[in-house]
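Peer 1: Pasting a structure here, questions to come.
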Amino acid sequence: MPIESGEAIARIAKALKHKPGALLPILQEIQEQLGHIPSEAVPIVASELNLTRAEVHGVVSFYHDFRSEPPGRHVIRICQAESCQAMGSAVLTAFAKTHLGIDFHETTADAAFSLEPVYCLGNCACSPAMAVGKEVYGRMTPQRFQEVLQEVAGKSE
Amino acid sequence: MDVQRLVKMANDIASFFEAEPDTSKGARGAADHLKNFWDPRMRRQLLSYLDEQGGAGLKSIVLEALRQHRLEIAGQQPPDR
Amino acid sequence: MHAIDDIDYGTPRKVSDTMVTLQVDGSAVTVPAGSSILYAAQAAGRRIPKLCATDSLEAFGSCRLCLVEIQGRRGYPASCTTPVEEGMRVRTQTPRLADLRRGIMELYISDHPLDCLTCPANGHCELQDMAGAVGLREVRYGYDGANHLEVPKDESNPYFTFDPSKCIVCSRCVRACAEVQGTFALTIDGRGFASKVSPGQRESFMDSECVSCGACVQACPTATLMENSVYQMGQPDRAVVTTCAYCGVGCSFKAEVKGDQVVRMVPNKDGHANHGHSCVKGRFAFGYTTHPDRILKPMLRKSIDEPWKEVSWNDAIGYVAGEFKRIQAGHGSDSIGAITSSRCTNEETFLVQKLVRAAFGNNNVDTCARVCHSPTGYGLKTTLGTSAGTQAFDSVEKAGVIVVIGASPTDGHPVFASRMKRRLREGAKLIVVDPRAIDLVRTPPGIEAACHLQLQPGTNVALINSLAHVVVTEGLANEAFALERCEPADYQKWKAFVSQQTYAPEQVEQVTGVPAAQIRQAARLYATGGNAAIYYGLGVTEHSQGSTMVIGMANLAMVTGNLGREGVGVNPLRGQNNVQGACDMGSFPHELSGYRHISDAGVRGLFEKEWNVTLNPEPGLRIPNMFDAALDGSFKAIYIQGEDFAQSDPNTQHVESALRAMECVVVQDLFLNETAKFAHVFLPGSTFLEKDGTFTNAERRIQRVRKVMPPMAGLADWEITMAIANAMGYSMHYDHPSEIMDEIARLTPTLRGVSFEKLDRLGSIQWPCNDNAPEGTPTMHVGQFVRGKGKFTMTEYVATEERTSRKYPLILTTGRILSQYNVGAQTRRTGNVAWHQEDVLEIHAHDAEQRGIADDAKVSVASRAGNVVLTARISDRIQPGVVYTTFHHPVSGTNVITTDNSDWATNCPEYKVTAVEVSPVARHSEWQRQHRDFTARQQALLKERETIEA
Ligand code: SF4
Ligand code: SF4
Ligand code: SF4
Ligand code: FES
Ligand code: FES
């Protein structure tokens, strides 16, 4: 972990530690700024809040929103909520997993894609839905999924 | 025993009883302490140091204790066995 | 896993004035309100299956195995989380419940290895028991789904193994680490199927924050967390209740035994001092008891340069008696003496002092408390009337303000520290007075001292007077208490004394280095924060003004009315397991058992009649006096019961020349310790596992020590002392230590009501125990002080003569750490060395930089008395100008540099203040090299010993 990140983490922890229930906001802010919560952040946050490392680690690992590894360049989130489920998001999810060779909360070896579940993207009219980064896509099929992937991969080149 | 160690120990005791504004009470306290906690051979050695060398280096409260409560400090001889 | 003979009630016992009666499977049972149904059922003899509940932890309600049916309620509530109600009708066994439970067990077992037959928990596993209880016969899910069977074991801890493949994620371990130990080293990583137990951040136990207390191992229902000794030896077959022989907390244990071998030590849930908890020492570090270094035959030699010669017990005892008599005939009856041990039992220390007074005919007996808590005796006796702490440990649960002075409970008294931490988490305020930032100053989760008065070593008395000054001058005194309970004239005099401007915080700041505002804040908090309790350790006593400081703390407690009820008091945290007891037994040269002065003819009369001798009415020599007298030739022989002052006493070189000057040094110990290297006779002692007796802990609690194996060398320590007395012509005869306790009780008013029979019945007794208090006295000084009226005593601050100078600009202070015990003779011979391989010198970065010292560098530490070489560790726990080390390893020779300054009243050495200089070096000091050569030579003389057949 670069020294700057260490300093950033300490800064964030110091700034937010007086909030009630400071741990979650601090972790969120770290993830926001660094993209993930490196394991080196845990002792810094723990010591600032006078918690044990185990306690902080427990919280980081409990919430799927927190990631301990840096995410891929593109985070794909596939909706698992009712409407999308009814329209076949399970098939889409299974396809995505095999296609990318990863499970939820994992990142491909080339660090290009991470896969996450999400519960409703507010796009129920066009179920099943998914998002890549901030971009939302509707009426997804395995076919469309491959196309979208190619599209975003192309963009980032 | 090394008499200088006894002198130091006696003076350490004196430092505590110096807090007492009434010096004769302080001397009484120091004398009692010597009598209650010191082996007689140490007490007698301190007394002979007083007699033979004038008790050089002893704090005044110790000197007063030794002079005023001499008999008690000298103690009883151990019973013959 | 809990002890083999424990009944697990599932949820903790509740205390309540209201009792509730309910029906469990048709039988009525009455339990305190707030109890769970699970608890009530067990009380009624009905065992409800359960996995996530155990009675050392609050209910959690995660496994759902304990579900029951309650008449008039829908569904199947978990009995562990459902409190009892009056008139409730509960059914614990119905066909529907059986189905549900079987279904749950099926899920657990589908992800569990089926190697019960070769599992270390086999025969004592809750998962196995539950599978049996619910009648599990098949697992419909098969065993082929995703599982955790391949996860590797964590064998990093020397005493227990973590085998995650067997984990059922009940989180009992996580909760034990939090609720019982208060370390919070474990967590559940992830959630759902992926969840698993994680020490620290998914690391090994040794790398995590774990302190190896063993609470998680005890809580685990499966073999996931299991003692290595059970892996090696299998399940024990019986349990013997006994008391830990390490520290003054006095944890009660069940020694679980197979044949006469201890398999494991499990803390006793019914233990009154520890309530089922323990620390790494008592729980795991008992391997020294069977260590090959133990010497099991008596040995003799004429001079310390000769090889040892093994002899029979008869020859050894005959030789000792002969030498003692010869020396007395030649040099007078006062020329010999003895030392009692704070590690031996009360009965054994009592016998040694009896040997001295009755058979030697003098009072030259002392005990290792001389070098630790003798000032406690003097100070508390002077002010309150008796030489003991005022409270039970449980009292801390009622404290609003906790003051810790010169002690590090998490290191020295870990089990009590866990209680203290729990109280602090509940919101009690903490004041720490210590030159070093002990763990408690800031320790997760959430414990933070309200004030840390980080004073210069050696200025305690100035500080305590200043706290009193603030109380008195700001009108915070509890005048009513002080005037009614204490001598009024002394009170007025004392008030005037502490009100002097010299003790105003603004003045005292100059001396102590503690900002005046902090002193005022602490004094106000202590006086106004509700019940305030003082706990202190050797950082108070081991000073030239040790006794004065103890008096000062008692004064402060009296002036604020913080004495005589629960939640308050002045409490020494005693170092060794039986320091309190050794003192109670009359081990000091000036007093008989129960703290009665030897000059009191009435008291002497009692003993003279019982012992059939005339006693010498004059006090004898103290340990340091014995050394001085040895050097001037008037003290020639000594009998040392389990004490190692060549390592533990200050100014080692002085002690060594004194030992060399004596004609007959008799050491009774387990190992060839440092002192034994100067001995002429070695008598092999026995460990606490090899004898019956009692220990008395820091809260005056007398507890039984029970024999689990015969003495390895043939005799228990009390039998050796008895044999010496008889050989010297003074007849002693006891068939069992209980007879010694009976004699102690006959002769000692504060112990009159104590007997082994009563101890077996009550579990433990806190003295005084007599007709006024037949079951003992948890809190002292209720209503009236032991001495009648409390005595305020003036405590002038006198700076120690040990001052810094240009040559010795730093102050060295000493302490200890969790995993090692005192001089380490025992713990160094156990797996505990995994935590502390050497004594290090903590030094502040500023001082280190000035001297060109890097972290981990070898440095010389030189004082006016000598010098040694240690490894430096840069630390911000201490301030610039102060350095700190521990004294667990002989080769460090820490006491080579401590001086022979001592407490004015008791000669307790001033370990805590030594002026030193620290400089980088390449090799060991001259003393350390000599010590190494001498040790090698002595080991050779031991190896070359002439042996005899057993
Ligand atoms: S041994 Fe004690 S400190 Fe270590 S994890 Fe277990 S309960 Fe926590
Ligand atoms: S290690 Fe033991 S106590 Fe901890 S969760 Fe697993 S089975 Fe339960
Ligand atoms: S060393 Fe002390 S705290 Fe640890 S188990 Fe023994 S008595 Fe208890
Ligand atoms: S349910 Fe999938 S977007 Fe709303
Ligand atoms: S024992 Fe009650 S839910 Fe586990």
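Residue numbering restarts at 1 for every chain of the structure tokens, chains are lettered A, B, ... in their displayed order, and ligands are numbered from 1 as they appear.
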Please find the residues contacting ligand 1 at a distance of at most 8 Å between atoms, with only C-alpha atoms and all ligand atoms counted, and report them as a PyMOL selection string.

Peer 2: chain C and resi 173-174+176-178+180-186+199+205+209-217+279-280

Peer 1: Keeping N, CA, C and O atoms for every residue in the selection just given, could you write it to a file as an mmCIF file, in the first residue's frame?

Peer 2:
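Just written: selection.cif:
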```cif
data_model
loop_
_atom_site.group_PDB
_atom_site.id
_atom_site.type_symbol
_atom_site.label_atom_id
_atom_site.label_comp_id
_atom_site.auth_asym_id
_atom_site.auth_seq_id
_atom_site.Cartn_x
_atom_site.Cartn_y
_atom_site.Cartn_z
ATOM 1 N N CYS C 173 -16.679 -19.085 20.661
ATOM 2 C CA CYS C 173 -15.310 -18.626 20.887
ATOM 3 C C CYS C 173 -15.215 -17.106 20.785
ATOM 4 O O CYS C 173 -14.570 -16.448 21.600
ATOM 5 N N VAL C 174 -15.892 -16.565 19.757
ATOM 6 C CA VAL C 174 -15.839 -15.117 19.547
ATOM 7 C C VAL C 174 -16.429 -14.412 20.759
ATOM 8 O O VAL C 174 -15.876 -13.437 21.272
ATOM 9 N N ALA C 176 -16.729 -15.654 23.801
ATOM 10 C CA ALA C 176 -15.904 -15.861 25.009
ATOM 11 C C ALA C 176 -14.751 -14.872 25.027
ATOM 12 O O ALA C 176 -14.427 -14.289 26.058
ATOM 13 N N CYS C 177 -14.137 -14.684 23.876
ATOM 14 C CA CYS C 177 -13.013 -13.751 23.819
ATOM 15 C C CYS C 177 -13.475 -12.340 24.188
ATOM 16 O O CYS C 177 -12.765 -11.593 24.835
ATOM 17 N N ALA C 178 -14.698 -12.007 23.811
ATOM 18 C CA ALA C 178 -15.228 -10.679 24.118
ATOM 19 C C ALA C 178 -15.767 -10.596 25.545
ATOM 20 O O ALA C 178 -15.343 -9.773 26.337
ATOM 21 N N VAL C 180 -15.839 -12.885 28.189
ATOM 22 C CA VAL C 180 -15.117 -13.432 29.337
ATOM 23 C C VAL C 180 -13.741 -12.795 29.456
ATOM 24 O O VAL C 180 -13.352 -12.311 30.505
ATOM 25 N N GLN C 181 -13.005 -12.784 28.369
ATOM 26 C CA GLN C 181 -11.634 -12.292 28.428
ATOM 27 C C GLN C 181 -11.554 -10.792 28.146
ATOM 28 O O GLN C 181 -10.696 -10.105 28.666
ATOM 29 N N GLY C 182 -12.449 -10.290 27.300
ATOM 30 C CA GLY C 182 -12.411 -8.859 27.012
ATOM 31 C C GLY C 182 -11.305 -8.463 26.063
ATOM 32 O O GLY C 182 -10.889 -7.312 26.040
ATOM 33 N N THR C 183 -10.818 -9.400 25.256
ATOM 34 C CA THR C 183 -9.747 -9.057 24.314
ATOM 35 C C THR C 183 -10.277 -8.801 22.902
ATOM 36 O O THR C 183 -9.700 -8.050 22.138
ATOM 37 N N PHE C 184 -11.394 -9.396 22.552
ATOM 38 C CA PHE C 184 -12.007 -9.171 21.232
ATOM 39 C C PHE C 184 -11.025 -9.461 20.097
ATOM 40 O O PHE C 184 -10.899 -8.694 19.157
ATOM 41 N N ALA C 185 -10.312 -10.580 20.232
ATOM 42 C CA ALA C 185 -9.323 -10.928 19.206
ATOM 43 C C ALA C 185 -9.944 -11.707 18.060
ATOM 44 O O ALA C 185 -9.321 -11.903 17.031
ATOM 45 N N LEU C 186 -11.163 -12.196 18.256
ATOM 46 C CA LEU C 186 -11.782 -13.047 17.240
ATOM 47 C C LEU C 186 -12.989 -12.350 16.632
ATOM 48 O O LEU C 186 -13.627 -11.521 17.259
ATOM 49 N N PRO C 199 -9.264 -15.159 13.668
ATOM 50 C CA PRO C 199 -8.475 -14.392 14.621
ATOM 51 C C PRO C 199 -7.950 -13.155 13.895
ATOM 52 O O PRO C 199 -7.461 -13.268 12.778
ATOM 53 N N PHE C 205 -3.603 -17.433 15.098
ATOM 54 C CA PHE C 205 -3.838 -16.992 16.480
ATOM 55 C C PHE C 205 -2.639 -16.222 17.012
ATOM 56 O O PHE C 205 -2.791 -15.193 17.667
ATOM 57 N N GLU C 209 -4.485 -10.579 17.997
ATOM 58 C CA GLU C 209 -4.400 -9.908 19.291
ATOM 59 C C GLU C 209 -4.591 -10.882 20.457
ATOM 60 O O GLU C 209 -4.611 -10.469 21.616
ATOM 61 N N CYS C 210 -4.720 -12.149 20.147
ATOM 62 C CA CYS C 210 -4.959 -13.185 21.159
ATOM 63 C C CYS C 210 -3.888 -13.165 22.249
ATOM 64 O O CYS C 210 -2.714 -13.048 21.968
ATOM 65 N N VAL C 211 -4.308 -13.310 23.507
ATOM 66 C CA VAL C 211 -3.362 -13.404 24.618
ATOM 67 C C VAL C 211 -3.337 -14.815 25.207
ATOM 68 O O VAL C 211 -2.811 -15.038 26.290
ATOM 69 N N SER C 212 -3.926 -15.741 24.499
ATOM 70 C CA SER C 212 -3.847 -17.152 24.861
ATOM 71 C C SER C 212 -4.407 -17.475 26.248
ATOM 72 O O SER C 212 -3.850 -18.269 26.985
ATOM 73 N N CYS C 213 -5.534 -16.855 26.574
ATOM 74 C CA CYS C 213 -6.132 -17.125 27.882
ATOM 75 C C CYS C 213 -6.837 -18.468 27.908
ATOM 76 O O CYS C 213 -7.063 -19.050 28.964
ATOM 77 N N GLY C 214 -7.247 -18.956 26.726
ATOM 78 C CA GLY C 214 -7.910 -20.246 26.661
ATOM 79 C C GLY C 214 -9.421 -20.202 26.813
ATOM 80 O O GLY C 214 -10.074 -21.249 26.777
ATOM 81 N N ALA C 215 -9.995 -19.018 26.965
ATOM 82 C CA ALA C 215 -11.452 -18.950 27.155
ATOM 83 C C ALA C 215 -12.190 -19.496 25.944
ATOM 84 O O ALA C 215 -13.216 -20.171 26.066
ATOM 85 N N CYS C 216 -11.670 -19.225 24.749
ATOM 86 C CA CYS C 216 -12.339 -19.702 23.541
ATOM 87 C C CYS C 216 -12.262 -21.220 23.450
ATOM 88 O O CYS C 216 -13.208 -21.879 23.018
ATOM 89 N N VAL C 217 -11.129 -21.762 23.879
ATOM 90 C CA VAL C 217 -10.949 -23.210 23.817
ATOM 91 C C VAL C 217 -11.952 -23.886 24.751
ATOM 92 O O VAL C 217 -12.559 -24.900 24.426
ATOM 93 N N CYS C 279 -5.783 -17.299 32.926
ATOM 94 C CA CYS C 279 -4.853 -16.683 31.982
ATOM 95 C C CYS C 279 -3.913 -17.752 31.447
ATOM 96 O O CYS C 279 -3.949 -18.896 31.882
ATOM 97 N N VAL C 280 -3.075 -17.358 30.519
ATOM 98 C CA VAL C 280 -2.196 -18.314 29.848
ATOM 99 C C VAL C 280 -1.313 -19.087 30.821
ATOM 100 O O VAL C 280 -0.986 -20.250 30.593
#
```

Peer 1: Do a neighbour search on region 11-18 of chain B at 6 Å with only C-alpha atoms, toss out local chain neighbours closer than 2 positions, and write the hits as an mmCIF file with N, CA and C atoms, in the first residue's frame.

Peer 2:
```cif
data_model
loop_
_atom_site.group_PDB
_atom_site.id
_atom_site.type_symbol
_atom_site.label_atom_id
_atom_site.label_comp_id
_atom_site.auth_asym_id
_atom_site.auth_seq_id
_atom_site.Cartn_x
_atom_site.Cartn_y
_atom_site.Cartn_z
ATOM 1 N N LYS B 8 22.447 4.792 57.428
ATOM 2 C CA LYS B 8 21.543 5.185 56.349
ATOM 3 C C LYS B 8 20.116 4.717 56.648
ATOM 4 N N MET B 9 20.005 3.461 57.080
ATOM 5 C CA MET B 9 18.669 2.941 57.377
ATOM 6 C C MET B 9 18.002 3.746 58.496
ATOM 7 N N GLU B 20 6.481 14.868 61.817
ATOM 8 C CA GLU B 20 5.812 15.165 63.077
ATOM 9 C C GLU B 20 6.369 16.473 63.662
ATOM 10 N N GLY B 26 8.209 12.597 67.490
ATOM 11 C CA GLY B 26 8.911 12.029 66.344
ATOM 12 C C GLY B 26 9.998 11.065 66.803
ATOM 13 N N LYS B 59 20.912 11.623 61.807
ATOM 14 C CA LYS B 59 20.022 12.776 61.899
ATOM 15 C C LYS B 59 19.667 13.027 63.360
ATOM 16 N N TRP C 904 12.081 2.792 53.821
ATOM 17 C CA TRP C 904 12.574 3.151 55.149
ATOM 18 C C TRP C 904 11.997 2.235 56.228
#
```

Peer 1: Select the residues contacting ligand 2 at a distance of at most 7 Å, based on only C-alpha atoms and all ligand atoms, then format the selection as a ChimeraX atom specification.

Peer 2: /C:164,166-174,197,216,219-222,224-225

Peer 1: Distance cut-off 7 Å, counting only C-alpha atoms - which residues of chain A neighbour chain C? Return them as a list in words.

Peer 2: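 Here is what falls inside 7 Å: Asn50, Leu51, Thr52, Arg53, Ala54, Glu55, His57, Gly58, Ser61 and Phe62 of chain A.
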
Peer 1: Calculated over only C-alpha atoms, which of the candidates A:Cys120, A:Ile44, A:Cys84, A:Leu23 has the smallest distance to Ala8 (chain A)?

Peer 2: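 Checking each of A:Cys120, A:Ile44, A:Cys84, A:Leu23 against Ala8 (chain A), counting only C-alpha atoms, the winner is A:Ile44.
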
Peer 1: Using only C-alpha atoms and all ligand atoms, which protein or nucleic acid residues are at most 12 Å from ligand 4, as a PDB file with N, CA and C atoms, in the first residue's frame?

Peer 2:
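Output contents, as saved in part_9.pdb:
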```pdb
ATOM      1  N   ARG A  77     -22.802  -4.990 -12.031  1.00  0.00           N
ATOM      2  CA  ARG A  77     -23.763  -5.337 -10.986  1.00  0.00           C
ATOM      3  C   ARG A  77     -25.026  -5.863 -11.652  1.00  0.00           C
ATOM      4  N   ILE A  78     -25.402  -7.100 -11.318  1.00  0.00           N
ATOM      5  CA  ILE A  78     -26.584  -7.694 -11.940  1.00  0.00           C
ATOM      6  C   ILE A  78     -27.714  -7.702 -10.917  1.00  0.00           C
ATOM      7  N   CYS A  79     -28.873  -7.201 -11.312  1.00  0.00           N
ATOM      8  CA  CYS A  79     -29.993  -7.077 -10.388  1.00  0.00           C
ATOM      9  C   CYS A  79     -30.568  -8.445 -10.035  1.00  0.00           C
ATOM     10  N   GLN A  80     -30.842  -8.631  -8.726  1.00  0.00           N
ATOM     11  CA  GLN A  80     -31.383  -9.894  -8.237  1.00  0.00           C
ATOM     12  C   GLN A  80     -32.768  -9.702  -7.619  1.00  0.00           C
ATOM     13  N   ALA A  81     -33.327  -8.511  -7.754  1.00  0.00           N
ATOM     14  CA  ALA A  81     -34.591  -8.239  -7.066  1.00  0.00           C
ATOM     15  C   ALA A  81     -35.773  -8.798  -7.862  1.00  0.00           C
ATOM     16  N   GLU A  82     -37.013  -8.691  -7.302  1.00  0.00           N
ATOM     17  CA  GLU A  82     -38.172  -9.445  -7.776  1.00  0.00           C
ATOM     18  C   GLU A  82     -38.413  -9.350  -9.280  1.00  0.00           C
ATOM     19  N   SER A  83     -38.580  -8.116  -9.741  1.00  0.00           N
ATOM     20  CA  SER A  83     -38.967  -7.953 -11.137  1.00  0.00           C
ATOM     21  C   SER A  83     -37.958  -8.608 -12.071  1.00  0.00           C
ATOM     22  N   CYS A  84     -36.673  -8.352 -11.829  1.00  0.00           N
ATOM     23  CA  CYS A  84     -35.647  -8.925 -12.695  1.00  0.00           C
ATOM     24  C   CYS A  84     -35.608 -10.441 -12.572  1.00  0.00           C
ATOM     25  N   GLN A  85     -35.820 -10.890 -11.311  1.00  0.00           N
ATOM     26  CA  GLN A  85     -35.834 -12.331 -11.113  1.00  0.00           C
ATOM     27  C   GLN A  85     -36.892 -12.976 -11.992  1.00  0.00           C
ATOM     28  N   ALA A  86     -38.079 -12.341 -11.970  1.00  0.00           N
ATOM     29  CA  ALA A  86     -39.197 -12.870 -12.748  1.00  0.00           C
ATOM     30  C   ALA A  86     -38.851 -12.891 -14.232  1.00  0.00           C
ATOM     31  N   MET A  87     -37.986 -12.005 -14.665  1.00  0.00           N
ATOM     32  CA  MET A  87     -37.665 -11.917 -16.076  1.00  0.00           C
ATOM     33  C   MET A  87     -36.356 -12.640 -16.421  1.00  0.00           C
ATOM     34  N   GLY A  88     -35.875 -13.502 -15.495  1.00  0.00           N
ATOM     35  CA  GLY A  88     -34.752 -14.363 -15.877  1.00  0.00           C
ATOM     36  C   GLY A  88     -33.381 -13.868 -15.495  1.00  0.00           C
ATOM     37  N   SER A  89     -33.276 -13.116 -14.414  1.00  0.00           N
ATOM     38  CA  SER A  89     -31.937 -12.655 -14.043  1.00  0.00           C
ATOM     39  C   SER A  89     -31.052 -13.814 -13.579  1.00  0.00           C
ATOM     40  N   ALA A  90     -31.700 -14.902 -13.131  1.00  0.00           N
ATOM     41  CA  ALA A  90     -30.897 -16.041 -12.680  1.00  0.00           C
ATOM     42  C   ALA A  90     -30.077 -16.601 -13.837  1.00  0.00           C
ATOM     43  N   PRO A 117     -23.799  -8.565  -6.952  1.00  0.00           N
ATOM     44  CA  PRO A 117     -25.257  -8.563  -7.020  1.00  0.00           C
ATOM     45  C   PRO A 117     -25.759  -7.181  -6.613  1.00  0.00           C
ATOM     46  N   VAL A 118     -26.957  -6.853  -7.057  1.00  0.00           N
ATOM     47  CA  VAL A 118     -27.545  -5.583  -6.627  1.00  0.00           C
ATOM     48  C   VAL A 118     -29.039  -5.835  -6.496  1.00  0.00           C
ATOM     49  N   TYR A 119     -29.684  -5.079  -5.657  1.00  0.00           N
ATOM     50  CA  TYR A 119     -31.113  -5.327  -5.455  1.00  0.00           C
ATOM     51  C   TYR A 119     -31.911  -4.124  -5.905  1.00  0.00           C
ATOM     52  N   CYS A 120     -32.354  -4.200  -7.158  1.00  0.00           N
ATOM     53  CA  CYS A 120     -33.137  -3.178  -7.846  1.00  0.00           C
ATOM     54  C   CYS A 120     -32.310  -1.975  -8.263  1.00  0.00           C
ATOM     55  N   LEU A 121     -32.287  -1.778  -9.534  1.00  0.00           N
ATOM     56  CA  LEU A 121     -31.568  -0.626 -10.094  1.00  0.00           C
ATOM     57  C   LEU A 121     -32.537   0.480 -10.484  1.00  0.00           C
ATOM     58  N   GLY A 122     -33.809   0.284 -10.127  1.00  0.00           N
ATOM     59  CA  GLY A 122     -34.812   1.281 -10.496  1.00  0.00           C
ATOM     60  C   GLY A 122     -35.103   1.252 -11.982  1.00  0.00           C
ATOM     61  N   ASN A 123     -34.905   0.096 -12.557  1.00  0.00           N
ATOM     62  CA  ASN A 123     -35.053  -0.018 -14.010  1.00  0.00           C
ATOM     63  C   ASN A 123     -35.987  -1.191 -14.305  1.00  0.00           C
ATOM     64  N   CYS A 124     -36.961  -1.398 -13.376  1.00  0.00           N
ATOM     65  CA  CYS A 124     -37.754  -2.616 -13.425  1.00  0.00           C
ATOM     66  C   CYS A 124     -38.526  -2.757 -14.735  1.00  0.00           C
ATOM     67  N   ALA A 125     -38.874  -1.660 -15.308  1.00  0.00           N
ATOM     68  CA  ALA A 125     -39.626  -1.712 -16.557  1.00  0.00           C
ATOM     69  C   ALA A 125     -38.855  -2.453 -17.639  1.00  0.00           C
ATOM     70  N   CYS A 126     -37.548  -2.386 -17.560  1.00  0.00           N
ATOM     71  CA  CYS A 126     -36.728  -3.052 -18.568  1.00  0.00           C
ATOM     72  C   CYS A 126     -35.973  -4.242 -17.993  1.00  0.00           C
ATOM     73  N   SER A 127     -36.641  -5.000 -17.101  1.00  0.00           N
ATOM     74  CA  SER A 127     -35.976  -6.159 -16.498  1.00  0.00           C
ATOM     75  C   SER A 127     -35.628  -7.190 -17.565  1.00  0.00           C
ATOM     76  N   PRO A 128     -34.625  -8.035 -17.352  1.00  0.00           N
ATOM     77  CA  PRO A 128     -33.627  -7.930 -16.278  1.00  0.00           C
ATOM     78  C   PRO A 128     -32.602  -6.837 -16.552  1.00  0.00           C
ATOM     79  N   ALA A 129     -32.152  -6.235 -15.446  1.00  0.00           N
ATOM     80  CA  ALA A 129     -31.269  -5.080 -15.593  1.00  0.00           C
ATOM     81  C   ALA A 129     -29.897  -5.360 -15.012  1.00  0.00           C
ATOM     82  N   MET A 130     -28.938  -4.620 -15.532  1.00  0.00           N
ATOM     83  CA  MET A 130     -27.610  -4.663 -14.917  1.00  0.00           C
ATOM     84  C   MET A 130     -26.952  -3.304 -15.096  1.00  0.00           C
ATOM     85  N   ALA A 131     -25.875  -3.111 -14.362  1.00  0.00           N
ATOM     86  CA  ALA A 131     -25.159  -1.852 -14.503  1.00  0.00           C
ATOM     87  C   ALA A 131     -23.680  -2.157 -14.646  1.00  0.00           C
ATOM     88  N   VAL A 136     -26.563   2.048 -16.695  1.00  0.00           N
ATOM     89  CA  VAL A 136     -27.520   0.961 -16.490  1.00  0.00           C
ATOM     90  C   VAL A 136     -27.985   0.430 -17.846  1.00  0.00           C
ATOM     91  N   TYR A 137     -28.083  -0.905 -17.915  1.00  0.00           N
ATOM     92  CA  TYR A 137     -28.543  -1.539 -19.151  1.00  0.00           C
ATOM     93  C   TYR A 137     -29.772  -2.365 -18.860  1.00  0.00           C
ATOM     94  N   GLY A 138     -30.799  -2.362 -19.760  1.00  0.00           N
ATOM     95  CA  GLY A 138     -32.023  -3.123 -19.546  1.00  0.00           C
ATOM     96  C   GLY A 138     -32.192  -4.237 -20.571  1.00  0.00           C
ATOM     97  N   ARG A 139     -33.237  -5.076 -20.313  1.00  0.00           N
ATOM     98  CA  ARG A 139     -33.601  -6.181 -21.209  1.00  0.00           C
ATOM     99  C   ARG A 139     -32.379  -7.003 -21.594  1.00  0.00           C
ATOM    100  N   MET A 140     -31.681  -7.407 -20.572  1.00  0.00           N
ATOM    101  CA  MET A 140     -30.422  -8.104 -20.812  1.00  0.00           C
ATOM    102  C   MET A 140     -30.657  -9.563 -21.188  1.00  0.00           C
TER     103      MET A 140
END
```

Peer 1: Dump the neighbourhood of ligand 3 as a PyMOL selection string: all residues within 8 Å, distances computed on only C-alpha atoms and all ligand atoms.

Peer 2: chain C and resi 243-252+267+274+277-283+412-416+577+821

Peer 1: Within 8 Å of ligand 5 (counting only C-alpha atoms and all ligand atoms), which residues show up? I'd like them as a list in words.

Peer 2: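 Final answer, ordered by chain and number: Gly10, Leu38, Pro49, Lys50, Leu51, Cys52, Ala53, Thr54, Ala59, Phe60, Gly61, Ser62, Cys63, Arg64, Leu65, Cys66, Leu67, Ala78, Ser79, Cys80, Thr81 and Cys170 of chain C.
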
Peer 1: How many Å lie between CA of Met226 (chain C) and CA of Lys421 (chain C), rounded to one decimal?

Peer 2: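 Separating CA of Met226 (chain C) from CA of Lys421 (chain C) is a distance of 26.3 Å.
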
Peer 1: Based on DSSP run over this structure's backbone, return all residues of chain A in strand (DSSP E), as a VMD selection string.

Peer 2: chain A and resid 74 to 79 106 to 107 113 to 118 130 to 132 135 to 137

Peer 1: Give the residues of chain C that lie within 9 Å of chain B; count only C-alpha atoms, and format the answer as a ChimeraX atom specification.

Peer 2: /C:333,361-364,497,544-545,548,589-590,597-599,614-622,625,628-634,794-798,901-907

Peer 1: As JSON, numbers by chain, which residues of region 33-63 of chain B does DSSP assign to alpha helix (DSSP H)?

Peer 2: {"B": [33, 34, 35, 36, 37, 40, 41, 42, 43, 44, 45, 46, 47, 48, 49, 50, 51, 52, 53, 60, 61, 62, 63]}
